[in-house]
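Q: This one is final17.pdb, PDB, C-alpha atoms.
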```
MODEL        1
ATOM      1  CA  MET K   1      22.086  16.468   2.112  1.00  0.00           C
ATOM      2  CA  SER K   2      20.059  17.552  -0.899  1.00  0.00           C
ATOM      3  CA  ALA K   3      16.509  18.699  -0.327  1.00  0.00           C
ATOM      4  CA  LEU K   4      13.639  16.505  -1.439  1.00  0.00           C
ATOM      5  CA  ARG K   5      10.857  18.199  -3.350  1.00  0.00           C
ATOM      6  CA  ILE K   6       7.599  16.338  -2.743  1.00  0.00           C
ATOM      7  CA  ARG K   7       4.394  16.924  -4.651  1.00  0.00           C
ATOM      8  CA  PRO K   8       1.284  15.013  -5.701  1.00  0.00           C
ATOM      9  CA  ALA K   9       1.710  12.903  -8.829  1.00  0.00           C
ATOM     10  CA  ARG K  10      -0.148  14.100 -11.906  1.00  0.00           C
ATOM     11  CA  PRO K  11      -2.328  11.748 -13.996  1.00  0.00           C
ATOM     12  CA  GLU K  12       0.167  11.782 -16.865  1.00  0.00           C
ATOM     13  CA  GLU K  13       2.827  10.483 -14.427  1.00  0.00           C
ATOM     14  CA  LEU K  14       1.049   7.206 -13.636  1.00  0.00           C
ATOM     15  CA  GLU K  15       3.533   5.224 -15.740  1.00  0.00           C
ATOM     16  CA  ARG K  16       6.399   6.657 -13.696  1.00  0.00           C
ATOM     17  CA  VAL K  17       4.689   5.451 -10.510  1.00  0.00           C
ATOM     18  CA  VAL K  18       4.179   1.997 -12.022  1.00  0.00           C
ATOM     19  CA  GLU K  19       7.799   1.835 -13.190  1.00  0.00           C
ATOM     20  CA  LEU K  20       9.086   2.686  -9.693  1.00  0.00           C
ATOM     21  CA  TRP K  21       6.962  -0.130  -8.279  1.00  0.00           C
ATOM     22  CA  LEU K  22       8.211  -2.550 -10.960  1.00  0.00           C
ATOM     23  CA  GLU K  23      11.824  -1.565 -10.257  1.00  0.00           C
ATOM     24  CA  ALA K  24      11.286  -2.375  -6.574  1.00  0.00           C
ATOM     25  CA  SER K  25       9.558  -5.640  -7.488  1.00  0.00           C
ATOM     26  CA  ARG K  26      12.513  -6.745  -9.626  1.00  0.00           C
ATOM     27  CA  TRP K  27      14.956  -5.827  -6.869  1.00  0.00           C
ATOM     28  CA  LEU K  28      12.963  -7.781  -4.292  1.00  0.00           C
ATOM     29  CA  ALA K  29      12.896 -10.812  -6.605  1.00  0.00           C
ATOM     30  CA  SER K  30      16.676 -10.570  -7.053  1.00  0.00           C
ATOM     31  CA  ARG K  31      16.971 -10.899  -3.267  1.00  0.00           C
ATOM     32  CA  GLY K  32      14.758 -13.996  -3.197  1.00  0.00           C
ATOM     33  CA  SER K  33      11.669 -12.219  -1.843  1.00  0.00           C
ATOM     34  CA  GLU K  34       8.173 -13.098  -2.995  1.00  0.00           C
ATOM     35  CA  GLN K  35       7.002  -9.597  -2.043  1.00  0.00           C
ATOM     36  CA  TRP K  36       5.311  -7.680  -4.889  1.00  0.00           C
ATOM     37  CA  GLN K  37       5.779 -10.583  -7.309  1.00  0.00           C
ATOM     38  CA  TYR K  38       2.483  -9.986  -9.064  1.00  0.00           C
ATOM     39  CA  PRO K  39       1.395  -7.495 -11.712  1.00  0.00           C
ATOM     40  CA  PRO K  40       1.253  -3.897 -10.479  1.00  0.00           C
ATOM     41  CA  ARG K  41      -2.137  -2.808  -9.220  1.00  0.00           C
ATOM     42  CA  ARG K  42      -2.407  -0.131 -11.863  1.00  0.00           C
ATOM     43  CA  GLY K  43      -6.056   0.630 -11.032  1.00  0.00           C
ATOM     44  CA  ARG K  44      -5.258   1.240  -7.362  1.00  0.00           C
ATOM     45  CA  MET K  45      -2.281   3.381  -8.335  1.00  0.00           C
ATOM     46  CA  ALA K  46      -4.365   5.401 -10.799  1.00  0.00           C
ATOM     47  CA  GLU K  47      -7.013   6.006  -8.146  1.00  0.00           C
ATOM     48  CA  ALA K  48      -4.386   7.227  -5.672  1.00  0.00           C
ATOM     49  CA  VAL K  49      -2.999   9.602  -8.314  1.00  0.00           C
ATOM     50  CA  ARG K  50      -6.503  10.867  -9.197  1.00  0.00           C
ATOM     51  CA  ASN K  51      -7.280  11.456  -5.520  1.00  0.00           C
ATOM     52  CA  GLY K  52      -4.051  13.382  -4.908  1.00  0.00           C
ATOM     53  CA  GLU K  53      -2.851  10.674  -2.503  1.00  0.00           C
ATOM     54  CA  CYS K  54       0.182   9.489  -4.463  1.00  0.00           C
ATOM     55  CA  HIS K  55       3.203  11.737  -4.026  1.00  0.00           C
ATOM     56  CA  LEU K  56       6.427  11.872  -5.980  1.00  0.00           C
ATOM     57  CA  ALA K  57       9.720  12.896  -4.436  1.00  0.00           C
ATOM     58  CA  PHE K  58      12.438  14.549  -6.507  1.00  0.00           C
ATOM     59  CA  LEU K  59      16.096  14.808  -5.572  1.00  0.00           C
ATOM     60  CA  ASP K  60      18.095  17.372  -7.536  1.00  0.00           C
ATOM     61  CA  GLY K  61      15.278  17.467 -10.097  1.00  0.00           C
ATOM     62  CA  HIS K  62      15.248  13.704 -10.682  1.00  0.00           C
ATOM     63  CA  LEU K  63      12.468  11.336  -9.629  1.00  0.00           C
ATOM     64  CA  ALA K  64      13.654   9.565  -6.484  1.00  0.00           C
ATOM     65  CA  ALA K  65      10.635   7.947  -4.860  1.00  0.00           C
ATOM     66  CA  THR K  66       6.901   7.625  -4.573  1.00  0.00           C
ATOM     67  CA  VAL K  67       4.764   7.490  -1.462  1.00  0.00           C
ATOM     68  CA  PRO K  68       0.993   7.090  -1.464  1.00  0.00           C
ATOM     69  CA  LEU K  69      -0.433   8.633   1.694  1.00  0.00           C
ATOM     70  CA  GLN K  70      -4.083   7.918   2.424  1.00  0.00           C
ATOM     71  CA  GLU K  71      -6.656   8.780   5.044  1.00  0.00           C
ATOM     72  CA  LYS K  72      -8.105   5.277   4.931  1.00  0.00           C
ATOM     73  CA  GLY K  73      -6.501   2.096   6.103  1.00  0.00           C
ATOM     74  CA  ASP K  74      -7.337  -1.329   4.754  1.00  0.00           C
ATOM     75  CA  PRO K  75     -10.173  -2.621   6.975  1.00  0.00           C
ATOM     76  CA  GLU K  76      -8.723  -6.137   6.908  1.00  0.00           C
ATOM     77  CA  TRP K  77      -5.669  -4.789   8.740  1.00  0.00           C
ATOM     78  CA  TRP K  78      -6.933  -1.891  10.773  1.00  0.00           C
ATOM     79  CA  ALA K  79     -10.440  -2.954  11.900  1.00  0.00           C
ATOM     80  CA  ASP K  80      -9.334  -2.952  15.556  1.00  0.00           C
ATOM     81  CA  ASP K  81      -7.981   0.608  15.384  1.00  0.00           C
ATOM     82  CA  ASP K  82      -9.635   4.003  15.044  1.00  0.00           C
ATOM     83  CA  PRO K  83      -9.250   4.583  11.281  1.00  0.00           C
ATOM     84  CA  THR K  84      -9.606   8.350  11.670  1.00  0.00           C
ATOM     85  CA  ALA K  85      -6.606   8.573  14.013  1.00  0.00           C
ATOM     86  CA  ALA K  86      -3.958   8.043  11.326  1.00  0.00           C
ATOM     87  CA  LEU K  87      -2.638   8.594   7.859  1.00  0.00           C
ATOM     88  CA  TYR K  88      -1.563   5.435   6.080  1.00  0.00           C
ATOM     89  CA  VAL K  89       1.570   4.968   3.979  1.00  0.00           C
ATOM     90  CA  HIS K  90       1.185   2.497   1.119  1.00  0.00           C
ATOM     91  CA  ASP K  91       3.839   1.110  -1.232  1.00  0.00           C
ATOM     92  CA  LEU K  92       6.617   3.572  -0.420  1.00  0.00           C
ATOM     93  CA  THR K  93       9.205   3.002  -3.141  1.00  0.00           C
ATOM     94  CA  VAL K  94      12.680   4.515  -3.510  1.00  0.00           C
ATOM     95  CA  ARG K  95      14.711   4.171  -6.707  1.00  0.00           C
ATOM     96  CA  ARG K  96      17.377   1.560  -6.070  1.00  0.00           C
ATOM     97  CA  PRO K  97      20.346   3.648  -7.272  1.00  0.00           C
ATOM     98  CA  LEU K  98      19.471   6.147  -4.520  1.00  0.00           C
ATOM     99  CA  ALA K  99      19.412   3.596  -1.693  1.00  0.00           C
ATOM    100  CA  GLY K 100      21.417   4.613   1.348  1.00  0.00           C
ATOM    101  CA  GLN K 101      20.616   8.332   1.096  1.00  0.00           C
ATOM    102  CA  ARG K 102      17.873   8.226   3.766  1.00  0.00           C
ATOM    103  CA  ILE K 103      15.177   9.093   1.223  1.00  0.00           C
ATOM    104  CA  GLY K 104      12.741   6.591   2.730  1.00  0.00           C
ATOM    105  CA  ALA K 105      13.380   7.941   6.223  1.00  0.00           C
ATOM    106  CA  ARG K 106      12.887  11.506   5.016  1.00  0.00           C
ATOM    107  CA  LEU K 107       9.628  10.552   3.303  1.00  0.00           C
ATOM    108  CA  LEU K 108       8.387   8.879   6.472  1.00  0.00           C
ATOM    109  CA  ASP K 109       9.237  12.040   8.422  1.00  0.00           C
ATOM    110  CA  TRP K 110       7.384  14.118   5.813  1.00  0.00           C
ATOM    111  CA  ALA K 111       4.393  11.760   6.030  1.00  0.00           C
ATOM    112  CA  GLY K 112       4.453  12.044   9.828  1.00  0.00           C
ATOM    113  CA  ALA K 113       4.396  15.828   9.546  1.00  0.00           C
ATOM    114  CA  GLU K 114       1.484  15.581   7.086  1.00  0.00           C
ATOM    115  CA  ALA K 115      -0.406  13.364   9.525  1.00  0.00           C
ATOM    116  CA  GLY K 116       0.263  15.761  12.389  1.00  0.00           C
ATOM    117  CA  GLY K 117      -0.769  18.732  10.281  1.00  0.00           C
ATOM    118  CA  ARG K 118      -4.100  17.028   9.646  1.00  0.00           C
ATOM    119  CA  GLY K 119      -4.619  16.385  13.345  1.00  0.00           C
ATOM    120  CA  LYS K 120      -3.851  12.658  13.130  1.00  0.00           C
ATOM    121  CA  PRO K 121      -1.836  11.329  16.048  1.00  0.00           C
ATOM    122  CA  TRP K 122      -0.525   8.277  14.140  1.00  0.00           C
ATOM    123  CA  LEU K 123       1.300   7.388  10.967  1.00  0.00           C
ATOM    124  CA  ARG K 124       0.587   3.763  10.071  1.00  0.00           C
ATOM    125  CA  LEU K 125       1.724   1.250   7.502  1.00  0.00           C
ATOM    126  CA  GLU K 126       1.614  -2.433   6.841  1.00  0.00           C
ATOM    127  CA  ALA K 127       4.433  -4.581   5.553  1.00  0.00           C
ATOM    128  CA  TRP K 128       4.904  -8.010   4.061  1.00  0.00           C
ATOM    129  CA  LYS K 129       4.803 -10.534   6.918  1.00  0.00           C
ATOM    130  CA  THR K 130       7.989 -12.351   5.889  1.00  0.00           C
ATOM    131  CA  ASN K 131      10.185  -9.340   5.059  1.00  0.00           C
ATOM    132  CA  ARG K 132      12.116  -9.224   8.334  1.00  0.00           C
ATOM    133  CA  SER K 133      14.680  -6.725   7.029  1.00  0.00           C
ATOM    134  CA  LEU K 134      11.835  -4.314   6.228  1.00  0.00           C
ATOM    135  CA  HIS K 135      10.457  -4.863   9.732  1.00  0.00           C
ATOM    136  CA  ARG K 136      13.873  -3.967  11.188  1.00  0.00           C
ATOM    137  CA  TYR K 137      13.986  -0.875   8.976  1.00  0.00           C
ATOM    138  CA  TYR K 138      10.612   0.376  10.226  1.00  0.00           C
ATOM    139  CA  LEU K 139      11.534  -0.359  13.847  1.00  0.00           C
ATOM    140  CA  GLY K 140      14.714   1.652  13.269  1.00  0.00           C
ATOM    141  CA  GLN K 141      12.570   4.521  11.987  1.00  0.00           C
ATOM    142  CA  GLY K 142      10.694   4.696  15.297  1.00  0.00           C
ATOM    143  CA  PHE K 143       7.693   2.565  14.369  1.00  0.00           C
ATOM    144  CA  GLU K 144       6.350  -0.068  16.710  1.00  0.00           C
ATOM    145  CA  LEU K 145       5.063  -3.424  15.517  1.00  0.00           C
ATOM    146  CA  LEU K 146       1.462  -3.531  16.675  1.00  0.00           C
ATOM    147  CA  ARG K 147       0.625  -7.028  15.500  1.00  0.00           C
ATOM    148  CA  ILE K 148       0.793  -9.414  12.601  1.00  0.00           C
ATOM    149  CA  VAL K 149      -2.541 -10.215  11.020  1.00  0.00           C
ATOM    150  CA  ASP K 150      -2.417 -13.615   9.379  1.00  0.00           C
ATOM    151  CA  LEU K 151      -5.007 -13.882   6.628  1.00  0.00           C
ATOM    152  CA  PRO K 152      -4.673 -16.866   4.288  1.00  0.00           C
ATOM    153  CA  HIS K 153      -5.406 -14.770   1.192  1.00  0.00           C
ATOM    154  CA  ARG K 154      -2.924 -11.957   2.020  1.00  0.00           C
ATOM    155  CA  ASN K 155       0.868 -11.998   2.326  1.00  0.00           C
ATOM    156  CA  SER K 156       1.088  -8.608   3.937  1.00  0.00           C
ATOM    157  CA  GLY K 157      -0.120  -7.986   7.460  1.00  0.00           C
ATOM    158  CA  ALA K 158       2.719  -6.786   9.694  1.00  0.00           C
ATOM    159  CA  LEU K 159       1.159  -3.620  11.130  1.00  0.00           C
ATOM    160  CA  PHE K 160       3.331  -0.733  12.282  1.00  0.00           C
ATOM    161  CA  GLN K 161       2.623   2.733  13.643  1.00  0.00           C
ATOM    162  CA  ARG K 162       4.486   5.672  15.123  1.00  0.00           C
ATOM    163  CA  ARG K 163       3.417   8.984  16.533  1.00  0.00           C
ATOM    164  CA  SER K 164       2.929  11.694  13.971  1.00  0.00           C
ATOM    165  CA  ALA K 165       4.550  15.080  14.250  1.00  0.00           C
ATOM    166  CA  MET K 166       1.494  16.662  15.858  1.00  0.00           C
ATOM    167  CA  ARG K 167       1.724  20.401  16.017  1.00  0.00           C
ATOM    168  CA  THR K 168       0.608  21.656  19.376  1.00  0.00           C
ATOM    169  CA  ARG K 169       0.119  25.249  20.453  1.00  0.00           C
ATOM    170  CA  PRO K 170       0.340  26.598  23.975  1.00  0.00           C
ATOM    171  CA  ALA K 171      -3.055  27.455  25.465  1.00  0.00           C
ATOM    172  CA  GLY K 172      -4.300  30.849  24.357  1.00  0.00           C
ATOM    173  CA  THR K 173      -2.152  30.929  21.212  1.00  0.00           C
ATOM    174  CA  PRO K 174      -4.159  31.953  18.125  1.00  0.00           C
ATOM    175  CA  GLU K 175      -4.450  29.444  15.310  1.00  0.00           C
TER     176      GLU K 175
ENDMDL
END
```
What is this structure when it is put down as structure tokens?

A:
Amino acid sequence: MSALRIRPARPEELERVVELWLEASRWLASRGSEQWQYPPRRGRMAEAVRNGECHLAFLDGHLAATVPLQEKGDPEWWADDDPTAALYVHDLTVRRPLAGQRIGARLLDWAGAEAGGRGKPWLRLEAWKTNRSLHRYYLGQGFELLRIVDLPHRNSGALFQRRSAMRTRPAGTPE
């Protein structure tokens, strides 16, 4: 299995992030899904890039995926949970020609290690409420479905979390 190289996206790569999202949007539409069938949230993507929260993954030197990883969760979803206890994955997108190579799973593992390295016990994400195949995917990746938040103005709201890869040291071990 080829190694993934993951790094923060640079401002001049914003269009690549947008194009990955659009590719996923077109694929979802081809499967009859209404998920992501709106213009890309370019401003939100640009902010994530500026803040160093949007990461690009490269496989054999070619762009394979993007994964924004943020310290803040959307308060409409996560108001009942300690927001400081997790890192939040947003809009993870893998290039369609690379599907089936476990890139998404590897990115989720990387994100879990990032969360653990920052002392966060949880990796969280939210998914489109009606995308049952995505729900099954996340369950298969070790996430648990916490709840579905049904807000009339939002189509997302299936909330998932799994334990991060917390690094623990035996007592008395230097940092």

Q: For atom CA of K:Ala113 and atom CA of K:Gln70, determine how far apart the two atoms are, in Å to one decimal place.

A: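 Between atom CA of K:Ala113 and atom CA of K:Gln70 the gap works out to 13.6 Å.
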
Q: Of the residues K:Trp27, K:Trp36, K:Trp110, K:Tyr138, which is the one nearest to K:Pro68, using all atoms listed in the file?

A: K:Trp110

Q: Quick check, in Å to one decimal: how far apart do atom CA of K:Ala24 and atom CA of K:Pro11 lie?

A: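 Atom-to-atom, atom CA of K:Ala24 and atom CA of K:Pro11 are spaced 21.0 Å apart.
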
Q: Enumerate, in order of chain and increasing residue number, the residues of stretch 40-105 of chain K with an atom no farther than 10 Å from stretch 144-164 of chain K, each with its shortest atom pair and distance in Å to one decimal, counting all atoms listed in the file, as CSV.

A:
```
residue,atom,partner,partner_atom,distance
K:Glu76,CA,K:Val149,CA,8.5
K:Trp77,CA,K:Gly157,CA,6.5
K:Trp78,CA,K:Leu159,CA,8.3
K:Ala86,CA,K:Ser164,CA,8.2
K:Leu87,CA,K:Ser164,CA,8.8
K:Tyr88,CA,K:Gln161,CA,9.1
K:Val89,CA,K:Gln161,CA,10.0
```

Q: In Å, rounded to a single decimal, give me how far atom CA of K:Arg31 is from atom CA of K:His55.

A: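 It comes out at 26.5 Å.
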
Q: Mind rebuilding stretch 108-119 of chain K with all heavy atoms and writing that out as a short mmCIF file (atom, residue, chain, number, x, y, z; two decimals), in the frame of the given file?

A:
```
data_model
loop_
_atom_site.label_atom_id
_atom_site.label_comp_id
_atom_site.auth_asym_id
_atom_site.auth_seq_id
_atom_site.Cartn_x
_atom_site.Cartn_y
_atom_site.Cartn_z
N LEU K 108 9.18 9.24 5.30
CA LEU K 108 8.39 8.88 6.47
C LEU K 108 8.26 10.06 7.43
O LEU K 108 7.19 10.28 8.01
CB LEU K 108 9.00 7.66 7.17
CG LEU K 108 8.87 6.35 6.39
CD1 LEU K 108 9.72 5.26 7.03
CD2 LEU K 108 7.42 5.92 6.25
N ASP K 109 9.32 10.84 7.59
CA ASP K 109 9.24 12.04 8.42
C ASP K 109 8.26 13.04 7.81
O ASP K 109 7.46 13.66 8.53
CB ASP K 109 10.61 12.68 8.59
CG ASP K 109 11.53 11.86 9.48
OD1 ASP K 109 11.06 10.94 10.19
OD2 ASP K 109 12.76 12.13 9.46
N TRP K 110 8.32 13.22 6.50
CA TRP K 110 7.38 14.12 5.81
C TRP K 110 5.95 13.64 6.03
O TRP K 110 5.06 14.43 6.34
CB TRP K 110 7.73 14.19 4.32
CG TRP K 110 6.70 14.91 3.52
CD1 TRP K 110 6.58 16.26 3.35
CD2 TRP K 110 5.62 14.31 2.79
NE1 TRP K 110 5.49 16.53 2.55
CE2 TRP K 110 4.89 15.35 2.21
CE3 TRP K 110 5.21 13.00 2.57
CZ2 TRP K 110 3.76 15.12 1.42
CZ3 TRP K 110 4.09 12.76 1.79
CH2 TRP K 110 3.38 13.83 1.22
N ALA K 111 5.74 12.32 5.85
CA ALA K 111 4.39 11.76 6.03
C ALA K 111 3.91 11.96 7.46
O ALA K 111 2.73 12.26 7.70
CB ALA K 111 4.38 10.28 5.64
N GLY K 112 4.82 11.80 8.43
CA GLY K 112 4.45 12.04 9.83
C GLY K 112 4.06 13.49 10.08
O GLY K 112 3.12 13.77 10.83
N ALA K 113 4.76 14.41 9.43
CA ALA K 113 4.40 15.83 9.55
C ALA K 113 3.04 16.09 8.88
O ALA K 113 2.24 16.88 9.40
CB ALA K 113 5.49 16.70 8.93
N GLU K 114 2.79 15.45 7.75
CA GLU K 114 1.48 15.58 7.09
C GLU K 114 0.38 15.08 8.01
O GLU K 114 -0.66 15.73 8.14
CB GLU K 114 1.47 14.78 5.78
CG GLU K 114 2.16 15.45 4.63
CD GLU K 114 1.41 16.66 4.13
OE1 GLU K 114 0.21 16.54 3.80
OE2 GLU K 114 2.02 17.74 4.06
N ALA K 115 0.60 13.91 8.62
CA ALA K 115 -0.41 13.36 9.52
C ALA K 115 -0.66 14.33 10.68
O ALA K 115 -1.80 14.64 11.02
CB ALA K 115 0.05 12.00 10.05
N GLY K 116 0.41 14.82 11.29
CA GLY K 116 0.26 15.76 12.39
C GLY K 116 -0.45 17.03 11.98
O GLY K 116 -1.30 17.55 12.71
N GLY K 117 -0.12 17.53 10.78
CA GLY K 117 -0.77 18.73 10.28
C GLY K 117 -2.26 18.55 10.04
O GLY K 117 -3.02 19.52 10.03
N ARG K 118 -2.67 17.32 9.85
CA ARG K 118 -4.10 17.03 9.65
C ARG K 118 -4.77 16.60 10.95
O ARG K 118 -5.90 16.13 10.95
CB ARG K 118 -4.27 15.93 8.60
CG ARG K 118 -3.77 16.32 7.22
CD ARG K 118 -4.04 15.22 6.22
NE ARG K 118 -3.24 15.37 5.02
CZ ARG K 118 -3.36 14.57 3.97
NH1 ARG K 118 -4.23 13.58 3.98
NH2 ARG K 118 -2.59 14.76 2.92
N GLY K 119 -4.04 16.73 12.05
CA GLY K 119 -4.62 16.39 13.34
C GLY K 119 -4.67 14.90 13.63
O GLY K 119 -5.40 14.46 14.52
#
```
